[in-house]
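What follows is the content of my_file-v1.csv, which has CSV, C-alpha atoms:
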```
chain,number,residue,atom,x,y,z
A,13,MET,CA,16.0,66.5,27.8
A,14,ARG,CA,19.2,68.3,27.3
A,15,GLU,CA,20.8,66.1,30.0
A,16,ALA,CA,19.6,63.0,28.1
A,17,TRP,CA,21.1,64.3,24.9
A,18,ALA,CA,24.4,65.1,26.6
A,19,LYS,CA,24.4,61.5,28.0
A,20,PHE,CA,23.7,60.2,24.5
A,21,VAL,CA,26.4,62.2,22.8
A,22,ARG,CA,29.0,61.5,25.5
A,23,PRO,CA,28.0,58.1,26.9
A,24,SER,CA,29.4,56.7,30.0
A,25,ARG,CA,31.7,53.6,29.7
A,26,THR,CA,28.9,51.6,31.2
A,27,GLN,CA,26.5,52.6,28.5
A,28,LEU,CA,29.1,51.8,25.9
A,29,ALA,CA,29.8,48.4,27.3
A,30,TRP,CA,26.1,47.5,27.3
A,31,GLY,CA,25.8,48.8,23.8
A,32,ILE,CA,28.7,46.8,22.4
A,33,ALA,CA,27.7,43.6,24.3
A,34,LEU,CA,24.1,43.7,23.1
A,35,CYS,CA,25.2,44.5,19.6
A,36,LEU,CA,27.4,41.5,19.5
A,37,VAL,CA,24.8,39.2,21.1
A,38,ALA,CA,22.1,40.4,18.7
A,39,LEU,CA,24.4,39.9,15.8
A,40,ALA,CA,25.3,36.4,16.8
A,41,VAL,CA,21.7,35.4,17.6
A,42,VAL,CA,20.4,36.7,14.3
A,43,VAL,CA,23.2,35.0,12.4
A,44,GLN,CA,22.6,31.7,14.2
A,45,VAL,CA,18.9,31.9,13.7
A,46,GLN,CA,19.4,32.6,10.0
A,47,SER,CA,21.8,29.7,9.6
A,48,THR,CA,19.6,27.2,11.4
A,49,GLN,CA,16.7,28.3,9.3
A,50,SER,CA,18.3,28.6,6.0
A,51,ARG,CA,21.1,26.1,6.0
A,52,ASP,CA,21.2,22.4,5.8
A,53,ARG,CA,20.6,21.4,9.4
A,54,TYR,CA,23.6,18.9,9.3
A,55,ALA,CA,26.1,21.7,8.4
A,56,GLY,CA,26.7,22.7,12.0
A,57,MET,CA,26.7,19.3,13.6
A,58,ARG,CA,29.7,17.5,15.2
A,59,GLY,CA,31.4,14.5,13.7
A,60,ASP,CA,30.1,12.3,16.5
A,61,ASP,CA,26.6,13.3,16.0
A,62,LEU,CA,26.8,12.8,12.3
A,63,VAL,CA,28.3,9.3,12.8
A,64,GLN,CA,25.4,8.5,15.2
A,65,LEU,CA,22.9,9.8,12.7
A,66,LEU,CA,24.5,7.8,9.9
A,67,ASP,CA,24.4,4.7,12.1
A,68,GLY,CA,20.7,5.3,12.8
A,69,LEU,CA,20.0,5.7,9.1
A,70,THR,CA,21.9,2.6,8.2
A,71,GLN,CA,20.0,0.6,10.8
A,72,GLU,CA,16.7,2.0,9.6
A,73,SER,CA,17.6,1.2,6.0
A,74,GLU,CA,18.5,-2.4,7.0
A,75,ARG,CA,15.2,-2.8,8.9
A,76,LEU,CA,13.3,-1.4,5.9
A,77,THR,CA,15.2,-3.7,3.5
A,78,ASP,CA,14.2,-6.7,5.7
A,79,GLU,CA,10.7,-5.5,5.7
A,80,VAL,CA,10.7,-5.2,1.9
A,81,ALA,CA,12.0,-8.8,1.6
A,82,ALA,CA,9.3,-10.1,4.0
A,83,LEU,CA,6.6,-8.3,2.1
A,84,GLU,CA,7.9,-9.6,-1.2
A,85,ARG,CA,7.8,-13.1,0.2
A,86,THR,CA,4.2,-12.5,1.3
A,87,LEU,CA,3.4,-11.2,-2.2
A,88,GLU,CA,4.9,-14.3,-3.8
A,89,ALA,CA,3.0,-16.6,-1.5
A,90,LEU,CA,-0.2,-14.8,-2.2
A,91,GLN,CA,0.4,-14.8,-5.9
A,92,SER,CA,1.1,-18.6,-6.0
A,93,GLY,CA,-1.9,-19.1,-3.7
A,94,ALA,CA,-4.0,-17.1,-6.2
A,95,ASP,CA,-2.6,-19.3,-9.0
A,96,ALA,CA,-3.5,-22.5,-7.2
A,97,ASP,CA,-7.0,-21.1,-6.5
A,98,GLU,CA,-7.3,-20.2,-10.2
A,99,ILE,CA,-6.3,-23.7,-11.3
A,100,ALA,CA,-8.7,-25.3,-8.8
A,101,ARG,CA,-11.5,-23.0,-10.0
A,102,GLN,CA,-10.8,-23.9,-13.7
A,103,GLU,CA,-10.8,-27.6,-12.7
A,104,ALA,CA,-14.1,-27.2,-10.9
A,105,GLN,CA,-15.5,-25.3,-13.9
A,106,ARG,CA,-14.4,-28.1,-16.2
A,107,ARG,CA,-16.0,-30.7,-14.0
A,108,ALA,CA,-19.2,-28.6,-13.7
A,109,ASP,CA,-19.3,-28.2,-17.5
A,110,GLY,CA,-18.9,-32.0,-18.0
A,111,LEU,CA,-21.6,-32.7,-15.4
A,112,ALA,CA,-23.9,-30.2,-16.9
A,113,ILE,CA,-23.7,-31.9,-20.3
A,114,LEU,CA,-24.2,-35.3,-18.7
A,115,ALA,CA,-27.2,-34.0,-16.8
A,116,GLY,CA,-28.6,-32.1,-19.8
A,117,THR,CA,-28.8,-28.8,-18.0
A,118,GLN,CA,-26.6,-27.0,-20.6
A,119,PRO,CA,-26.8,-26.7,-24.4
A,120,ALA,CA,-24.1,-28.6,-26.2
A,121,VAL,CA,-22.5,-28.4,-29.6
A,122,GLY,CA,-20.1,-30.6,-31.4
A,123,PRO,CA,-19.7,-33.0,-34.4
A,124,GLY,CA,-22.3,-35.7,-34.7
A,125,VAL,CA,-25.1,-37.1,-36.7
A,126,ARG,CA,-28.7,-36.3,-37.5
A,127,ILE,CA,-30.9,-39.4,-38.1
A,128,THR,CA,-34.3,-38.9,-39.5
A,129,ILE,CA,-36.7,-41.8,-39.2
A,130,SER,CA,-39.8,-41.8,-41.3
A,131,ALA,CA,-42.4,-44.6,-40.9
A,132,PRO,CA,-46.1,-45.2,-41.1
A,133,GLU,CA,-48.1,-44.2,-38.0
A,134,GLY,CA,-47.7,-46.5,-35.0
A,135,ARG,CA,-44.9,-48.7,-36.5
A,136,ILE,CA,-42.1,-47.3,-34.4
A,137,THR,CA,-42.3,-49.1,-31.1
A,138,ALA,CA,-40.8,-48.2,-27.8
A,139,ASP,CA,-38.5,-51.3,-28.1
A,140,LEU,CA,-37.2,-50.1,-31.5
A,141,MET,CA,-36.6,-46.6,-30.2
A,142,LEU,CA,-34.9,-47.9,-27.1
A,143,ASP,CA,-32.7,-50.1,-29.2
A,144,ALA,CA,-31.8,-47.1,-31.4
A,145,ILE,CA,-30.8,-45.1,-28.3
A,146,GLN,CA,-28.8,-47.9,-26.8
A,147,GLU,CA,-26.9,-48.4,-30.1
A,148,LEU,CA,-26.1,-44.7,-30.3
A,149,ARG,CA,-24.9,-44.7,-26.7
A,150,ASP,CA,-22.9,-47.8,-27.5
A,151,ALA,CA,-21.3,-46.0,-30.4
A,152,GLY,CA,-20.2,-43.2,-28.0
A,153,ALA,CA,-22.9,-40.6,-28.3
A,154,GLU,CA,-22.4,-38.0,-25.6
A,155,VAL,CA,-25.5,-36.0,-26.0
A,156,ILE,CA,-28.8,-37.2,-27.6
A,157,GLU,CA,-31.8,-35.1,-28.5
A,158,ILE,CA,-35.1,-36.2,-30.0
A,159,ASN,CA,-37.1,-34.0,-32.3
A,160,ASP,CA,-35.3,-30.8,-31.2
A,161,SER,CA,-37.2,-30.9,-27.9
A,162,ILE,CA,-36.4,-33.9,-25.8
A,163,ARG,CA,-33.0,-34.1,-24.2
A,164,LEU,CA,-32.1,-37.7,-23.3
A,165,VAL,CA,-30.4,-38.1,-19.9
A,166,ALA,CA,-29.8,-40.9,-17.4
A,167,GLN,CA,-33.4,-40.8,-16.2
A,168,SER,CA,-35.0,-40.7,-19.6
A,169,TRP,CA,-37.6,-43.4,-20.3
A,170,VAL,CA,-39.4,-44.6,-23.4
A,171,SER,CA,-42.9,-46.0,-23.5
A,172,GLU,CA,-46.0,-46.2,-25.7
A,173,SER,CA,-49.4,-44.7,-25.3
A,174,PRO,CA,-52.5,-44.9,-27.5
A,175,GLN,CA,-51.4,-41.6,-29.1
A,176,GLY,CA,-48.0,-43.0,-30.0
A,177,LEU,CA,-44.5,-43.0,-28.7
A,178,LEU,CA,-43.7,-41.3,-25.4
A,179,ILE,CA,-40.3,-40.2,-24.2
A,180,ASP,CA,-40.0,-38.5,-20.8
A,181,ASP,CA,-43.8,-38.0,-20.8
A,182,GLN,CA,-43.7,-36.1,-24.1
A,183,SER,CA,-45.2,-37.6,-27.2
A,184,VAL,CA,-42.9,-38.0,-30.2
A,185,GLU,CA,-44.2,-37.0,-33.5
A,186,LEU,CA,-43.2,-38.6,-36.8
A,187,PRO,CA,-40.9,-38.2,-38.5
A,188,ILE,CA,-38.5,-38.7,-35.6
A,189,VAL,CA,-35.3,-36.7,-35.7
A,190,ILE,CA,-32.5,-38.0,-33.5
A,191,GLU,CA,-29.5,-35.7,-33.1
A,192,ALA,CA,-26.4,-37.1,-31.3
A,193,ILE,CA,-23.0,-35.6,-30.6
A,194,GLY,CA,-20.1,-38.0,-30.8
A,195,ASP,CA,-17.7,-39.3,-33.5
A,196,PRO,CA,-20.0,-38.9,-36.6
A,197,HIS,CA,-18.6,-41.9,-38.4
A,198,ALA,CA,-18.9,-44.3,-35.4
A,199,LEU,CA,-22.4,-43.1,-34.7
A,200,ALA,CA,-23.5,-43.5,-38.3
A,201,GLU,CA,-22.0,-47.0,-38.4
A,202,GLY,CA,-23.7,-47.8,-35.1
A,203,ALA,CA,-27.1,-47.1,-36.8
A,204,ARG,CA,-26.3,-48.9,-40.0
A,205,PHE,CA,-24.9,-52.2,-39.0
A,206,ARG,CA,-26.8,-55.3,-40.0
A,207,GLY,CA,-29.7,-55.9,-37.6
A,208,GLY,CA,-29.4,-52.3,-36.4
A,209,LEU,CA,-31.7,-49.3,-36.5
A,210,VAL,CA,-31.6,-48.9,-40.3
A,211,SER,CA,-32.3,-52.6,-41.1
A,212,GLN,CA,-35.1,-52.7,-38.5
A,213,VAL,CA,-36.9,-49.6,-39.7
A,214,GLU,CA,-36.5,-50.5,-43.4
A,215,SER,CA,-37.7,-54.1,-42.8
A,216,GLN,CA,-41.0,-55.3,-44.2
A,217,LYS,CA,-42.5,-55.2,-40.7
A,218,VAL,CA,-42.0,-51.4,-40.2
A,219,GLY,CA,-41.7,-50.2,-43.8
A,220,GLY,CA,-40.1,-46.9,-43.0
A,221,SER,CA,-36.9,-45.1,-44.1
A,222,VAL,CA,-33.9,-43.7,-42.4
A,223,ALA,CA,-31.7,-40.8,-43.5
A,224,ILE,CA,-28.4,-40.3,-41.7
A,225,VAL,CA,-26.5,-37.1,-42.1
A,226,GLU,CA,-23.0,-36.8,-40.6
A,227,SER,CA,-22.3,-33.2,-39.6
A,228,PRO,CA,-19.2,-31.4,-38.2
A,229,GLU,CA,-21.4,-29.3,-36.0
A,230,VAL,CA,-24.6,-30.5,-34.3
A,231,GLU,CA,-26.2,-28.0,-32.0
A,232,ILE,CA,-28.4,-29.3,-29.2
A,233,ALA,CA,-30.3,-26.6,-27.4
A,234,SER,CA,-33.1,-28.3,-25.5
A,235,LEU,CA,-32.6,-28.8,-21.8
A,236,HIS,CA,-33.5,-31.4,-19.3
A,237,HIS,CA,-34.9,-29.9,-16.0
A,238,PRO,CA,-33.7,-32.2,-13.2
A,239,ARG,CA,-35.8,-32.5,-10.1
A,240,ALA,CA,-34.2,-32.7,-6.7
A,241,PRO,CA,-34.2,-36.3,-5.6
A,242,ARG,CA,-36.9,-37.1,-3.1
A,243,TYR,CA,-35.5,-40.4,-1.7
A,244,ALA,CA,-31.9,-40.7,-2.7
A,245,GLU,CA,-29.1,-39.0,-0.7
A,246,PRO,CA,-25.4,-38.9,-1.2
A,247,ALA,CA,-24.0,-41.8,0.8
B,30,MET,CA,19.7,54.3,25.4
B,31,LEU,CA,23.0,53.3,23.8
B,32,ALA,CA,22.2,49.7,24.8
B,33,ILE,CA,19.0,49.7,22.8
B,34,ILE,CA,20.7,51.3,19.8
B,35,GLY,CA,23.4,48.6,20.0
B,36,LEU,CA,20.8,45.9,20.1
B,37,ILE,CA,19.0,47.3,17.0
B,38,LEU,CA,22.4,47.9,15.3
B,39,GLY,CA,23.3,44.3,15.8
B,40,VAL,CA,20.1,43.0,14.3
B,41,VAL,CA,20.3,45.4,11.4
B,42,LEU,CA,24.0,44.5,10.7
B,43,ALA,CA,23.2,40.8,10.7
B,44,VAL,CA,20.1,41.2,8.5
B,45,VAL,CA,21.8,43.7,6.0
B,46,PHE,CA,25.2,42.1,5.6
B,47,ARG,CA,24.3,38.5,6.4
B,48,PRO,CA,27.8,37.7,7.6
B,49,GLU,CA,29.0,34.3,6.7
B,50,MET,CA,30.0,32.4,9.8
B,51,PRO,CA,33.4,30.8,9.6
B,52,PHE,CA,33.0,27.1,9.3
B,53,TRP,CA,35.1,26.2,12.4
B,54,LEU,CA,32.9,28.5,14.5
B,55,GLN,CA,29.6,27.0,13.5
B,56,PRO,CA,29.3,24.3,16.2
B,57,TYR,CA,30.4,26.8,19.0
B,58,LEU,CA,28.2,29.8,18.2
B,59,PRO,CA,25.1,28.5,20.0
B,60,ILE,CA,27.1,27.8,23.2
B,61,MET,CA,28.8,31.3,22.9
B,62,ILE,CA,25.4,32.9,22.6
B,63,VAL,CA,24.2,31.2,25.7
B,64,ALA,CA,27.3,32.2,27.6
B,65,ALA,CA,26.9,35.8,26.4
B,66,MET,CA,23.3,35.8,27.6
B,67,ASP,CA,24.5,34.5,31.0
B,68,ALA,CA,27.0,37.4,31.2
B,69,LEU,CA,24.2,39.9,30.2
B,70,VAL,CA,21.8,38.6,32.9
B,71,GLY,CA,24.6,38.6,35.5
B,72,ALA,CA,25.4,42.2,34.5
B,73,ALA,CA,21.8,43.2,34.8
B,74,ARG,CA,21.6,41.7,38.2
B,75,ALA,CA,24.8,43.6,39.3
B,76,SER,CA,23.5,46.9,38.0
B,77,LEU,CA,20.2,46.4,39.9
B,78,LYS,CA,22.3,45.8,43.1
B,79,HIS,CA,24.5,48.8,42.3
B,80,THR,CA,27.6,46.7,42.1
B,81,PHE,CA,27.9,47.0,38.4
B,82,SER,CA,31.4,47.6,37.0
B,83,ASP,CA,31.9,48.1,33.3
B,84,ARG,CA,35.4,46.6,33.5
B,85,VAL,CA,34.1,43.4,35.2
B,86,PHE,CA,31.3,43.3,32.7
B,87,ALA,CA,33.6,43.5,29.7
B,88,VAL,CA,36.0,41.0,31.1
B,89,SER,CA,33.3,38.5,32.2
B,90,PHE,CA,31.4,38.9,28.9
B,91,ILE,CA,34.5,38.1,26.8
B,92,SER,CA,35.9,35.4,29.1
B,93,ASN,CA,32.5,33.7,29.5
B,94,VAL,CA,32.1,33.4,25.8
B,95,ALA,CA,35.7,32.3,25.3
B,96,ILE,CA,35.7,29.7,28.0
B,97,ALA,CA,32.4,28.2,26.9
B,98,ALA,CA,33.7,27.9,23.3
B,99,VAL,CA,37.0,26.5,24.5
B,100,ILE,CA,35.5,23.9,26.8
B,101,VAL,CA,33.3,22.6,23.9
B,102,TRP,CA,36.3,22.7,21.5
B,103,VAL,CA,38.4,20.7,23.9
B,104,GLY,CA,35.6,18.4,24.4
B,105,ASP,CA,35.3,17.9,20.6
B,106,LEU,CA,39.1,17.2,20.5
B,107,ILE,CA,38.9,14.5,23.2
B,108,GLY,CA,35.6,13.0,21.8
B,109,VAL,CA,33.1,14.2,24.5
B,110,GLY,CA,32.1,17.3,22.7
B,111,SER,CA,28.3,16.8,22.7
B,112,GLN,CA,28.3,15.7,26.4
B,113,LEU,CA,30.4,18.7,27.4
B,114,SER,CA,28.3,21.1,25.4
B,115,THR,CA,25.3,19.7,27.2
B,116,ALA,CA,27.1,20.2,30.6
B,117,VAL,CA,28.0,23.8,29.7
B,118,LEU,CA,24.4,24.5,28.6
B,119,VAL,CA,23.0,23.1,31.8
B,120,VAL,CA,25.4,25.1,34.0
B,121,LEU,CA,24.8,28.3,32.1
B,122,GLY,CA,21.0,27.7,32.1
B,123,ILE,CA,21.1,27.3,35.9
B,124,ARG,CA,23.1,30.5,36.3
B,125,ILE,CA,20.7,32.4,34.0
B,126,PHE,CA,17.7,31.2,36.0
B,127,THR,CA,19.4,32.0,39.3
B,128,ASN,CA,20.3,35.5,38.2
B,129,ALA,CA,16.9,36.0,36.7
B,130,ALA,CA,15.4,35.0,40.0
B,131,GLU,CA,17.5,37.6,41.8
B,132,ILE,CA,16.5,40.3,39.3
B,133,ARG,CA,12.9,39.3,39.8
B,134,ARG,CA,13.2,39.7,43.5
B,135,SER,CA,14.9,43.1,43.2
B,136,VAL,CA,12.4,44.4,40.6
B,137,LEU,CA,9.1,42.9,41.8
B,138,ARG,CA,10.1,42.3,45.4
B,139,ALA,CA,8.6,38.9,45.1
```
Can I see the file as structure tokens?
Amino acid sequence: MREAWAKFVRPSRTQLAWGIALCLVALAVVVQVQSTQSRDRYAGMRGDDLVQLLDGLTQESERLTDEVAALERTLEALQSGADADEIARQEAQRRADGLAILAGTQPAVGPGVRITISAPEGRITADLMLDAIQELRDAGAEVIEINDSIRLVAQSWVSESPQGLLIDDQSVELPIVIEAIGDPHALAEGARFRGGLVSQVESQKVGGSVAIVESPEVEIASLHHPRAPRYAEPA
Amino acid sequence: MLAIIGLILGVVLAVVFRPEMPFWLQPYLPIMIVAAMDALVGAARASLKHTFSDRVFAVSFISNVAIAAVIVWVGDLIGVGSQLSTAVLVVLGIRIFTNAAEIRRSVLRA
């Protein structure tokens, strides 16, 4: 123990050399570790390495810029594609709406006329009714409805039965109300001209009366329920 | 005993005073540390073989560190600094492993 103490107090040069060397190394290691941990890791780097690093970053940045440009082009292409799709969809919707009105599968609203025909029982014949419809169509009627319940379409037919007038297999009660969407003035004139609907109904033979009301908004709510064709196919 | 005290003293000094490294020394300090470790391992091997000389140790320690730093510095001047520092690290690494193998043989006889 005493010997060890003596050695410690008066160390040999060997001991001293080890002590100093280890002290220096420990100091340097700790300083280096602290600097690599705490400092900016580029601080201790050589110029060459920094230039290389900068080169790499520049290349990376160019590559990313190219990628951004490519992605922007893709985005543009997709957006214009989406626009084209939207336009096509709107066009298709417009056509579908037009066809639905023609086929009578959708309610319709617009300016038009309301024609009310009153006549004694059995005096309104299918011919007269057919003439009236033809004249309205000739005057540009787009949608025609009889008695708020029968929507006239391309397949509609008019005939007579012992009970009275039949349109599309539904009997038509008097008075007959014809609602038509189209240019109100043209439709009214189409019914009024000499030898037309009004003069026929009000003739001595029929003895009825006709009231024509032009309206800025005629609403037609009844629908035609089309059946799938059994024989015809698109050619 | 004094060796351990020196080691602890070095760590404590570094932690307490946080000496700022001079800027020009920063790239060379890692190489210098490895060179010093090489000198230490070499000295340990010598003392195990009873050929240790404090004078040789002191001189080799200082010169090792200095030469390593100078080589890399010259390399930096002529534009091959990073390659030369790699070369120095490889050589010192080989030397450290060789000396460590000798120490292992002396201590463990294996």
Residues of chain A no more than 7 Å from chain B, counting all atoms listed in the file: send them over as a PyMOL selection string. chain A and resi 20+25-32+34-43+56-58
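The space between CA of Glu172 (chain A) and CA of Gly152 (chain A) spans 26.1 Å.
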One decimal, Å: what's the distance from CA of Arg124 (chain B) over to CA of Asp67 (chain B), could you say?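 According to the coordinates, CA of Arg124 (chain B) and CA of Asp67 (chain B) are separated by 6.8 Å.
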Distance of CA of Asn128 (chain B) from CA of Ala98 (chain B), expressed in Å to one decimal place: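 Straight-line distance from CA of Ala98 (chain B) to CA of Asn128 (chain B) works out to 21.4 Å.
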Excluding Gln112 (chain B) and residues on its chain fewer than 5 positions from it, collect all residues at most 12 Å away from it, counting all atoms listed in the file, and give them as a list in words. Arg58, Asp60 and Asp61 of chain A; Ile100, Val101, Trp102, Val103, Gly104, Asp105, Ile107, Val117, Leu118 and Val119 of chain B
Given all atoms listed in the file as the basis, pick out the residue of A:Val218, A:Val80, A:Ala104, A:Ala166 nearest to Leu140 (chain A).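 Checking each of A:Val218, A:Val80, A:Ala104, A:Ala166 against Leu140 (chain A), counting all atoms listed in the file, the winner is A:Val218.
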Please determine, counting all atoms listed in the file, which residue among A:Thr70, A:Ser130, A:Gln146, A:Thr117 has the shortest atom-to-atom distance to Leu235 (chain A). A:Thr117
Please, what is the axis-aligned box for every listed atom of region 32-48 of chain B with 6 Å on each side, as centre and edge lengths in Å to one decimal, as lines of an AutoDock Vina configuration file?
```
center_x = 23.4
center_y = 44.5
center_z = 15.2
size_x = 20.8
size_y = 25.6
size_z = 31.2
```
Here is a test: counting only C-alpha atoms, which residue of A:Ile232, A:Val63, A:Leu87, A:Ala94 is nearest to Ile113 (chain A)?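 The shortest atom-to-atom distance to Ile113 (chain A) comes from A:Ile232.
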Give me, as number ranges by chain, all polymer residues having an atom no more than 12 Å from Gln167 (chain A), counting all atoms listed in the file and skipping those fewer than 4 positions away in the same chain. A: 114-116, 163, 179-181, 236-239, 241
For Ile156 (chain A): contacts at 10 Å, only C-alpha atoms, fewer than 5 positions along chain excluded, given as a list in words: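 Residues near the query, excluding close chain neighbours: Gly116, Ala120, Gly124, Val125, Arg126, Ile145, Leu148, Arg149, Ile162, Arg163, Leu164, Val165, Ile190, Glu191, Ala192, Ile193, Gly194 and Ile232 of chain A.
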When distances are computed from only C-alpha atoms, which of B:Val99, B:Val70, B:Val45, B:Ile60 shows the smallest separation from Ile132 (chain B)?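 Closest to Ile132 (chain B) of all the choices is B:Val70.
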File contents for region 103-115 of chain B with N, CA, C and O atoms as a short mmCIF file (atom, residue, chain, number, x, y, z; two decimals), in the first residue's frame:
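Everything below was put into part-v1.cif:
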```
data_model
loop_
_atom_site.label_atom_id
_atom_site.label_comp_id
_atom_site.auth_asym_id
_atom_site.auth_seq_id
_atom_site.Cartn_x
_atom_site.Cartn_y
_atom_site.Cartn_z
N VAL B 103 -0.76 17.99 -46.53
CA VAL B 103 -0.13 18.07 -47.85
C VAL B 103 -1.10 17.56 -48.91
O VAL B 103 -1.23 18.15 -49.99
N GLY B 104 -1.75 16.45 -48.59
CA GLY B 104 -2.74 15.91 -49.54
C GLY B 104 -3.80 16.94 -49.88
O GLY B 104 -4.15 17.12 -51.04
N ASP B 105 -4.27 17.66 -48.86
CA ASP B 105 -5.25 18.71 -49.13
C ASP B 105 -4.67 19.77 -50.04
O ASP B 105 -5.36 20.26 -50.95
N LEU B 106 -3.40 20.11 -49.80
CA LEU B 106 -2.79 21.16 -50.63
C LEU B 106 -2.73 20.73 -52.09
O LEU B 106 -2.93 21.55 -52.99
N ILE B 107 -2.40 19.45 -52.34
CA ILE B 107 -2.24 19.02 -53.74
C ILE B 107 -3.51 18.39 -54.27
O ILE B 107 -3.54 17.86 -55.37
N GLY B 108 -4.59 18.45 -53.50
CA GLY B 108 -5.90 18.08 -54.05
C GLY B 108 -6.24 16.60 -53.94
O GLY B 108 -7.15 16.14 -54.61
N VAL B 109 -5.47 15.83 -53.14
CA VAL B 109 -5.83 14.42 -52.96
C VAL B 109 -6.06 14.15 -51.48
O VAL B 109 -5.81 13.05 -50.99
N GLY B 110 -6.54 15.17 -50.76
CA GLY B 110 -6.66 15.07 -49.31
C GLY B 110 -7.52 13.92 -48.86
O GLY B 110 -7.12 13.15 -47.98
N SER B 111 -8.70 13.76 -49.49
CA SER B 111 -9.60 12.72 -48.98
C SER B 111 -9.03 11.34 -49.26
O SER B 111 -9.10 10.45 -48.41
N GLN B 112 -8.39 11.18 -50.46
CA GLN B 112 -7.78 9.88 -50.76
C GLN B 112 -6.64 9.57 -49.79
O GLN B 112 -6.54 8.45 -49.27
N LEU B 113 -5.80 10.57 -49.54
CA LEU B 113 -4.67 10.34 -48.64
C LEU B 113 -5.13 10.06 -47.22
O LEU B 113 -4.56 9.21 -46.54
N SER B 114 -6.17 10.78 -46.78
CA SER B 114 -6.64 10.51 -45.42
C SER B 114 -7.19 9.10 -45.33
O SER B 114 -6.99 8.41 -44.33
N THR B 115 -7.85 8.62 -46.42
CA THR B 115 -8.29 7.22 -46.44
C THR B 115 -7.09 6.29 -46.35
O THR B 115 -7.10 5.32 -45.57
#
```
